[in-house]
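Visitor: For reference, the file input-v2.pdb (PDB, C-alpha atoms) is included below:
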```
ATOM      1  CA  SER A 138      82.947  -8.695  68.076  1.00  0.00           C
ATOM      2  CA  ILE A 139      82.238 -12.164  69.402  1.00  0.00           C
ATOM      3  CA  VAL A 140      81.413 -13.338  65.872  1.00  0.00           C
ATOM      4  CA  ALA A 141      84.823 -12.232  64.563  1.00  0.00           C
ATOM      5  CA  ILE A 142      86.562 -14.003  67.445  1.00  0.00           C
ATOM      6  CA  MET A 143      84.568 -17.169  66.771  1.00  0.00           C
ATOM      7  CA  LEU A 144      85.476 -17.026  63.072  1.00  0.00           C
ATOM      8  CA  ILE A 145      89.161 -16.519  63.862  1.00  0.00           C
ATOM      9  CA  LEU A 146      89.186 -19.502  66.192  1.00  0.00           C
ATOM     10  CA  ALA A 147      87.244 -21.515  63.617  1.00  0.00           C
ATOM     11  CA  ALA A 148      89.795 -20.554  60.938  1.00  0.00           C
ATOM     12  CA  ARG A 149      92.671 -21.601  63.166  1.00  0.00           C
ATOM     13  CA  ASN A 150      90.969 -25.014  63.375  1.00  0.00           C
ATOM     14  CA  GLU A 151      89.861 -25.099  59.709  1.00  0.00           C
ATOM     15  CA  VAL A 152      86.149 -25.361  60.512  1.00  0.00           C
ATOM     16  CA  LEU A 153      83.521 -25.002  57.791  1.00  0.00           C
ATOM     17  CA  LEU A 154      81.802 -21.603  57.679  1.00  0.00           C
ATOM     18  CA  TYR A 155      78.465 -23.401  57.320  1.00  0.00           C
ATOM     19  CA  ASP A 156      78.994 -25.353  60.557  1.00  0.00           C
ATOM     20  CA  ILE A 157      80.034 -22.383  62.708  1.00  0.00           C
ATOM     21  CA  SER A 158      77.385 -20.037  61.302  1.00  0.00           C
ATOM     22  CA  LYS A 159      74.617 -22.650  61.666  1.00  0.00           C
ATOM     23  CA  TRP A 160      75.685 -23.307  65.257  1.00  0.00           C
ATOM     24  CA  GLY A 161      75.809 -19.562  65.975  1.00  0.00           C
ATOM     25  CA  ASP A 162      72.368 -19.085  64.426  1.00  0.00           C
ATOM     26  CA  ASP A 163      70.876 -22.096  66.272  1.00  0.00           C
ATOM     27  CA  THR A 164      72.213 -20.905  69.631  1.00  0.00           C
ATOM     28  CA  GLY A 165      71.076 -17.316  69.080  1.00  0.00           C
ATOM     29  CA  ILE A 166      74.565 -15.780  69.036  1.00  0.00           C
ATOM     30  CA  ALA A 167      74.165 -14.210  65.596  1.00  0.00           C
ATOM     31  CA  SER A 168      72.487 -14.809  62.249  1.00  0.00           C
ATOM     32  CA  LYS A 169      74.174 -16.626  59.374  1.00  0.00           C
ATOM     33  CA  ALA A 170      74.253 -13.287  57.530  1.00  0.00           C
ATOM     34  CA  THR A 171      76.193 -11.711  60.411  1.00  0.00           C
ATOM     35  CA  PHE A 172      78.733 -14.526  60.248  1.00  0.00           C
ATOM     36  CA  SER A 173      79.014 -14.064  56.481  1.00  0.00           C
ATOM     37  CA  ARG A 174      79.606 -10.303  56.806  1.00  0.00           C
ATOM     38  CA  ALA A 175      82.199 -10.866  59.534  1.00  0.00           C
ATOM     39  CA  LYS A 176      83.937 -13.457  57.339  1.00  0.00           C
ATOM     40  CA  SER A 177      84.205 -10.902  54.532  1.00  0.00           C
ATOM     41  CA  ALA A 178      85.529  -8.283  56.957  1.00  0.00           C
ATOM     42  CA  LEU A 179      88.271 -10.697  58.078  1.00  0.00           C
ATOM     43  CA  GLU A 180      89.023 -11.858  54.534  1.00  0.00           C
ATOM     44  CA  ASP A 181      89.547  -8.362  53.078  1.00  0.00           C
ATOM     45  CA  PRO A 182      92.651  -7.526  55.180  1.00  0.00           C
ATOM     46  CA  GLY A 183      93.939 -11.077  54.671  1.00  0.00           C
ATOM     47  CA  LEU A 184      93.425 -12.435  58.170  1.00  0.00           C
ATOM     48  CA  ILE A 185      91.526 -15.498  56.993  1.00  0.00           C
ATOM     49  CA  GLU A 186      91.089 -17.316  53.710  1.00  0.00           C
ATOM     50  CA  THR A 187      88.529 -19.818  52.490  1.00  0.00           C
ATOM     51  CA  GLU A 188      88.700 -22.891  50.331  1.00  0.00           C
ATOM     52  CA  LYS A 189      85.777 -24.621  48.663  1.00  0.00           C
ATOM     53  CA  VAL A 190      84.925 -28.081  49.971  1.00  0.00           C
ATOM     54  CA  PRO A 191      82.694 -30.103  47.642  1.00  0.00           C
ATOM     55  CA  ILE A 192      79.657 -31.836  49.132  1.00  0.00           C
ATOM     56  CA  ASP A 193      77.407 -34.519  47.631  1.00  0.00           C
ATOM     57  CA  VAL A 194      74.540 -32.210  46.666  1.00  0.00           C
ATOM     58  CA  GLY A 195      74.393 -28.433  46.373  1.00  0.00           C
ATOM     59  CA  ARG A 196      76.933 -25.646  46.471  1.00  0.00           C
ATOM     60  CA  PRO A 197      80.356 -26.359  47.957  1.00  0.00           C
ATOM     61  CA  ARG A 198      80.926 -25.315  51.557  1.00  0.00           C
ATOM     62  CA  LEU A 199      83.688 -22.913  52.550  1.00  0.00           C
ATOM     63  CA  ARG A 200      86.420 -24.042  54.917  1.00  0.00           C
ATOM     64  CA  LEU A 201      87.850 -21.195  56.991  1.00  0.00           C
ATOM     65  CA  ILE A 202      91.638 -21.090  57.029  1.00  0.00           C
ATOM     66  CA  ALA A 203      93.843 -18.808  59.109  1.00  0.00           C
ATOM     67  CA  THR A 204      96.593 -17.031  57.206  1.00  0.00           C
ATOM     68  CA  ASP A 205     100.146 -17.616  58.456  1.00  0.00           C
ATOM     69  CA  GLU A 206     100.123 -14.378  60.439  1.00  0.00           C
ATOM     70  CA  LEU A 207      96.890 -15.294  62.214  1.00  0.00           C
ATOM     71  CA  ALA A 208      97.798 -18.956  62.668  1.00  0.00           C
ATOM     72  CA  THR A 209     100.968 -18.076  64.583  1.00  0.00           C
ATOM     73  CA  ALA A 210      99.565 -15.122  66.550  1.00  0.00           C
ATOM     74  CA  ASP A 211      99.527 -15.367  70.333  1.00  0.00           C
ATOM     75  CA  LEU A 212      95.924 -15.799  71.486  1.00  0.00           C
ATOM     76  CA  LYS A 213      96.453 -13.415  74.423  1.00  0.00           C
ATOM     77  CA  THR A 214      97.368 -10.517  72.133  1.00  0.00           C
ATOM     78  CA  LEU A 215      95.258 -11.616  69.174  1.00  0.00           C
ATOM     79  CA  SER A 216      92.380  -9.161  69.616  1.00  0.00           C
ATOM     80  CA  THR A 217      94.722  -6.161  69.766  1.00  0.00           C
ATOM     81  CA  GLU A 218      96.640  -7.338  66.706  1.00  0.00           C
ATOM     82  CA  ILE A 219      93.425  -7.908  64.766  1.00  0.00           C
ATOM     83  CA  GLN A 220      91.981  -4.513  65.640  1.00  0.00           C
ATOM     84  CA  SER A 221      95.156  -2.851  64.401  1.00  0.00           C
ATOM     85  CA  LEU A 222      94.835  -4.672  61.063  1.00  0.00           C
ATOM     86  CA  LEU A 223      91.115  -3.960  60.563  1.00  0.00           C
TER      87      LEU A 223
END
```
Turn this file's structure into structure tokens for me.

Guide:
Amino acid sequence: SIVAIMLILAARNEVLLYDISKWGDDTGIASKATFSRAKSALEDPGLIETEKVPIDVGRPRLRLIATDELATADLKTLSTEIQSLL
């Protein structure tokens, strides 16, 4: 799905989940909940990881991080490789 692809690219660039899901929600691509579910679906097989990033007030944000396998994958063949892992 487009959301999974966006999360993978975000993870390869270590973007915060909050930022990408808020942008996706604001632009009408998908809800924050959809981004959260897709994140879990990519985390379970070990394609992406998250790390907590403290902020001044409130709960820490999650930074998306690509695992070594995903970080070095060729973008042209990425979708096929991901589908085989999911």

Visitor: Exactly which residues make up the result of the PyMOL selection byres ((chain A and resi 181-185) around 10) on this file, given as a compact mmCIF listing (two decimals) with C-alpha atoms, in the coordinates of the input?

Guide:
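Written output follows (result03.txt):
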```txt
# COMPACT_ATOMS: atom_id res chain seq x y z
CA LEU A 144 85.48 -17.03 63.07
CA ILE A 145 89.16 -16.52 63.86
CA ALA A 147 87.24 -21.52 63.62
CA ALA A 148 89.80 -20.55 60.94
CA ARG A 149 92.67 -21.60 63.17
CA LYS A 176 83.94 -13.46 57.34
CA SER A 177 84.20 -10.90 54.53
CA ALA A 178 85.53 -8.28 56.96
CA LEU A 179 88.27 -10.70 58.08
CA GLU A 180 89.02 -11.86 54.53
CA GLU A 186 91.09 -17.32 53.71
CA THR A 187 88.53 -19.82 52.49
CA LEU A 201 87.85 -21.20 56.99
CA ILE A 202 91.64 -21.09 57.03
CA ALA A 203 93.84 -18.81 59.11
CA THR A 204 96.59 -17.03 57.21
CA ASP A 205 100.15 -17.62 58.46
CA GLU A 206 100.12 -14.38 60.44
CA LEU A 207 96.89 -15.29 62.21
CA ALA A 208 97.80 -18.96 62.67
CA ILE A 219 93.42 -7.91 64.77
CA LEU A 222 94.84 -4.67 61.06
CA LEU A 223 91.12 -3.96 60.56
```

Visitor: Can you list, as a PyMOL selection string, every protein, DNA or RNA residue that comes within 9 Å of Tyr155 of chain A when you count all atoms listed in the file, leaving out same-chain residues fewer than 3 positions away?

Guide: chain A and resi 152+158-160+169+198-200

Visitor: Distance atom CA of Ala167 of chain A-atom CA of Ile142 of chain A, one decimal place?

Guide: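 Distance between the two atoms: 12.5 Å.
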
Visitor: Just the number, please: distance in Å from atom CA of Pro191 of chain A to atom CA of Thr209 of chain A, one decimal.

Guide: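 Value for the atom CA of Pro191 of chain A-atom CA of Thr209 of chain A distance: 27.7 Å.
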
Visitor: Between atom CA of Gly195 of chain A and atom CA of Gly165 of chain A, what is the spacing in Å?

Guide: 25.5 Å

Visitor: Select, from A:Leu212, A:Asp193, A:Asn150, A:Val140, the residue with the minimum atom-to-atom distance to Ser173 of chain A, counting all atoms listed in the file.

Guide: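 Among A:Leu212, A:Asp193, A:Asn150, A:Val140, it is A:Val140 that comes nearest to Ser173 of chain A.
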
Visitor: From the coordinates I just gave you, please extract segment 196-210 of chain A so that only all heavy atoms remain, then output it as a PDB file, in the first residue's frame.

Guide:
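Contents of the output file part-v6.pdb:
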```
ATOM      1  N   ARG A 196       4.036  12.568  25.597  1.00  0.00           N
ATOM      2  CA  ARG A 196       4.675  11.272  25.325  1.00  0.00           C
ATOM      3  C   ARG A 196       5.782  11.428  24.294  1.00  0.00           C
ATOM      4  O   ARG A 196       5.684  12.253  23.391  1.00  0.00           O
ATOM      5  CB  ARG A 196       3.631  10.294  24.788  1.00  0.00           C
ATOM      6  CG  ARG A 196       2.617   9.921  25.838  1.00  0.00           C
ATOM      7  CD  ARG A 196       1.656   8.819  25.440  1.00  0.00           C
ATOM      8  NE  ARG A 196       1.803   8.289  24.108  1.00  0.00           N
ATOM      9  CZ  ARG A 196       0.789   7.904  23.354  1.00  0.00           C
ATOM     10  NH1 ARG A 196      -0.449   8.006  23.786  1.00  0.00           N
ATOM     11  NH2 ARG A 196       0.990   7.413  22.162  1.00  0.00           N
ATOM     12  N   PRO A 197       6.815  10.599  24.400  1.00  0.00           N
ATOM     13  CA  PRO A 197       7.891  10.668  23.397  1.00  0.00           C
ATOM     14  C   PRO A 197       7.358  10.298  22.009  1.00  0.00           C
ATOM     15  O   PRO A 197       6.394   9.551  21.876  1.00  0.00           O
ATOM     16  CB  PRO A 197       8.908   9.635  23.862  1.00  0.00           C
ATOM     17  CG  PRO A 197       8.427   9.093  25.143  1.00  0.00           C
ATOM     18  CD  PRO A 197       7.052   9.590  25.406  1.00  0.00           C
ATOM     19  N   ARG A 198       7.974  10.825  21.004  1.00  0.00           N
ATOM     20  CA  ARG A 198       7.632  10.491  19.618  1.00  0.00           C
ATOM     21  C   ARG A 198       8.472   9.292  19.204  1.00  0.00           C
ATOM     22  O   ARG A 198       9.511   9.005  19.783  1.00  0.00           O
ATOM     23  CB  ARG A 198       7.930  11.681  18.694  1.00  0.00           C
ATOM     24  CG  ARG A 198       7.198  12.955  19.102  1.00  0.00           C
ATOM     25  CD  ARG A 198       5.856  13.048  18.422  1.00  0.00           C
ATOM     26  NE  ARG A 198       4.934  13.955  19.082  1.00  0.00           N
ATOM     27  CZ  ARG A 198       4.832  15.256  18.863  1.00  0.00           C
ATOM     28  NH1 ARG A 198       5.643  15.840  18.019  1.00  0.00           N
ATOM     29  NH2 ARG A 198       3.913  15.963  19.483  1.00  0.00           N
ATOM     30  N   LEU A 199       8.022   8.607  18.167  1.00  0.00           N
ATOM     31  CA  LEU A 199       8.750   7.443  17.658  1.00  0.00           C
ATOM     32  C   LEU A 199       9.460   7.791  16.353  1.00  0.00           C
ATOM     33  O   LEU A 199       8.824   8.260  15.407  1.00  0.00           O
ATOM     34  CB  LEU A 199       7.789   6.272  17.418  1.00  0.00           C
ATOM     35  CG  LEU A 199       7.117   5.678  18.646  1.00  0.00           C
ATOM     36  CD1 LEU A 199       6.112   4.615  18.240  1.00  0.00           C
ATOM     37  CD2 LEU A 199       8.141   5.099  19.605  1.00  0.00           C
ATOM     38  N   ARG A 200      10.763   7.572  16.333  1.00  0.00           N
ATOM     39  CA  ARG A 200      11.522   7.749  15.097  1.00  0.00           C
ATOM     40  C   ARG A 200      11.523   6.414  14.364  1.00  0.00           C
ATOM     41  O   ARG A 200      11.806   5.372  14.947  1.00  0.00           O
ATOM     42  CB  ARG A 200      12.958   8.170  15.400  1.00  0.00           C
ATOM     43  CG  ARG A 200      13.785   8.384  14.132  1.00  0.00           C
ATOM     44  CD  ARG A 200      15.199   8.838  14.385  1.00  0.00           C
ATOM     45  NE  ARG A 200      15.328   9.898  15.369  1.00  0.00           N
ATOM     46  CZ  ARG A 200      15.050  11.197  15.161  1.00  0.00           C
ATOM     47  NH1 ARG A 200      14.602  11.577  13.984  1.00  0.00           N
ATOM     48  NH2 ARG A 200      15.215  12.084  16.112  1.00  0.00           N
ATOM     49  N   LEU A 201      11.193   6.447  13.088  1.00  0.00           N
ATOM     50  CA  LEU A 201      11.199   5.242  12.259  1.00  0.00           C
ATOM     51  C   LEU A 201      12.623   4.983  11.779  1.00  0.00           C
ATOM     52  O   LEU A 201      13.304   5.908  11.324  1.00  0.00           O
ATOM     53  CB  LEU A 201      10.277   5.425  11.054  1.00  0.00           C
ATOM     54  CG  LEU A 201       8.812   5.716  11.384  1.00  0.00           C
ATOM     55  CD1 LEU A 201       8.067   6.155  10.140  1.00  0.00           C
ATOM     56  CD2 LEU A 201       8.158   4.502  12.001  1.00  0.00           C
ATOM     57  N   ILE A 202      13.060   3.746  11.889  1.00  0.00           N
ATOM     58  CA  ILE A 202      14.414   3.389  11.488  1.00  0.00           C
ATOM     59  C   ILE A 202      14.354   2.123  10.637  1.00  0.00           C
ATOM     60  O   ILE A 202      13.727   1.132  11.026  1.00  0.00           O
ATOM     61  CB  ILE A 202      15.307   3.139  12.720  1.00  0.00           C
ATOM     62  CG1 ILE A 202      15.342   4.393  13.584  1.00  0.00           C
ATOM     63  CG2 ILE A 202      16.705   2.711  12.302  1.00  0.00           C
ATOM     64  CD1 ILE A 202      16.001   4.188  14.922  1.00  0.00           C
ATOM     65  N   ALA A 203      14.987   2.172   9.482  1.00  0.00           N
ATOM     66  CA  ALA A 203      15.042   0.995   8.612  1.00  0.00           C
ATOM     67  C   ALA A 203      16.044   0.000   9.169  1.00  0.00           C
ATOM     68  O   ALA A 203      17.121   0.376   9.618  1.00  0.00           O
ATOM     69  CB  ALA A 203      15.447   1.405   7.203  1.00  0.00           C
ATOM     70  N   THR A 204      15.692  -1.273   9.167  1.00  0.00           N
ATOM     71  CA  THR A 204      16.647  -2.300   9.563  1.00  0.00           C
ATOM     72  C   THR A 204      17.717  -2.396   8.475  1.00  0.00           C
ATOM     73  O   THR A 204      17.535  -1.879   7.365  1.00  0.00           O
ATOM     74  CB  THR A 204      15.952  -3.664   9.740  1.00  0.00           C
ATOM     75  OG1 THR A 204      15.294  -3.993   8.518  1.00  0.00           O
ATOM     76  CG2 THR A 204      14.943  -3.627  10.872  1.00  0.00           C
ATOM     77  N   ASP A 205      18.822  -3.053   8.769  1.00  0.00           N
ATOM     78  CA  ASP A 205      19.927  -3.136   7.812  1.00  0.00           C
ATOM     79  C   ASP A 205      19.475  -3.671   6.460  1.00  0.00           C
ATOM     80  O   ASP A 205      19.849  -3.157   5.416  1.00  0.00           O
ATOM     81  CB  ASP A 205      21.050  -4.032   8.360  1.00  0.00           C
ATOM     82  CG  ASP A 205      21.783  -3.370   9.512  1.00  0.00           C
ATOM     83  OD1 ASP A 205      21.651  -2.137   9.680  1.00  0.00           O
ATOM     84  OD2 ASP A 205      22.477  -4.085  10.254  1.00  0.00           O
ATOM     85  N   GLU A 206      18.642  -4.703   6.502  1.00  0.00           N
ATOM     86  CA  GLU A 206      18.160  -5.317   5.255  1.00  0.00           C
ATOM     87  C   GLU A 206      17.384  -4.305   4.414  1.00  0.00           C
ATOM     88  O   GLU A 206      17.569  -4.206   3.209  1.00  0.00           O
ATOM     89  CB  GLU A 206      17.275  -6.518   5.584  1.00  0.00           C
ATOM     90  CG  GLU A 206      16.826  -7.284   4.371  1.00  0.00           C
ATOM     91  CD  GLU A 206      16.030  -8.531   4.733  1.00  0.00           C
ATOM     92  OE1 GLU A 206      15.679  -8.703   5.914  1.00  0.00           O
ATOM     93  OE2 GLU A 206      15.759  -9.313   3.819  1.00  0.00           O
ATOM     94  N   LEU A 207      16.534  -3.543   5.054  1.00  0.00           N
ATOM     95  CA  LEU A 207      15.715  -2.555   4.343  1.00  0.00           C
ATOM     96  C   LEU A 207      16.552  -1.355   3.927  1.00  0.00           C
ATOM     97  O   LEU A 207      16.362  -0.799   2.844  1.00  0.00           O
ATOM     98  CB  LEU A 207      14.553  -2.105   5.235  1.00  0.00           C
ATOM     99  CG  LEU A 207      13.512  -1.224   4.583  1.00  0.00           C
ATOM    100  CD1 LEU A 207      12.840  -1.953   3.430  1.00  0.00           C
ATOM    101  CD2 LEU A 207      12.480  -0.797   5.591  1.00  0.00           C
ATOM    102  N   ALA A 208      17.485  -0.954   4.761  1.00  0.00           N
ATOM    103  CA  ALA A 208      18.304   0.225   4.477  1.00  0.00           C
ATOM    104  C   ALA A 208      19.188   0.019   3.247  1.00  0.00           C
ATOM    105  O   ALA A 208      19.490   0.978   2.541  1.00  0.00           O
ATOM    106  CB  ALA A 208      19.156   0.573   5.688  1.00  0.00           C
ATOM    107  N   THR A 209      19.581  -1.227   2.988  1.00  0.00           N
ATOM    108  CA  THR A 209      20.477  -1.486   1.862  1.00  0.00           C
ATOM    109  C   THR A 209      19.746  -2.044   0.643  1.00  0.00           C
ATOM    110  O   THR A 209      20.362  -2.295  -0.376  1.00  0.00           O
ATOM    111  CB  THR A 209      21.582  -2.481   2.279  1.00  0.00           C
ATOM    112  OG1 THR A 209      20.961  -3.686   2.735  1.00  0.00           O
ATOM    113  CG2 THR A 209      22.461  -1.900   3.371  1.00  0.00           C
ATOM    114  N   ALA A 210      18.430  -2.223   0.756  1.00  0.00           N
ATOM    115  CA  ALA A 210      17.661  -2.786  -0.362  1.00  0.00           C
ATOM    116  C   ALA A 210      17.615  -1.807  -1.532  1.00  0.00           C
ATOM    117  O   ALA A 210      17.572  -0.596  -1.347  1.00  0.00           O
ATOM    118  CB  ALA A 210      16.246  -3.119   0.091  1.00  0.00           C
TER     119      ALA A 210
END
```
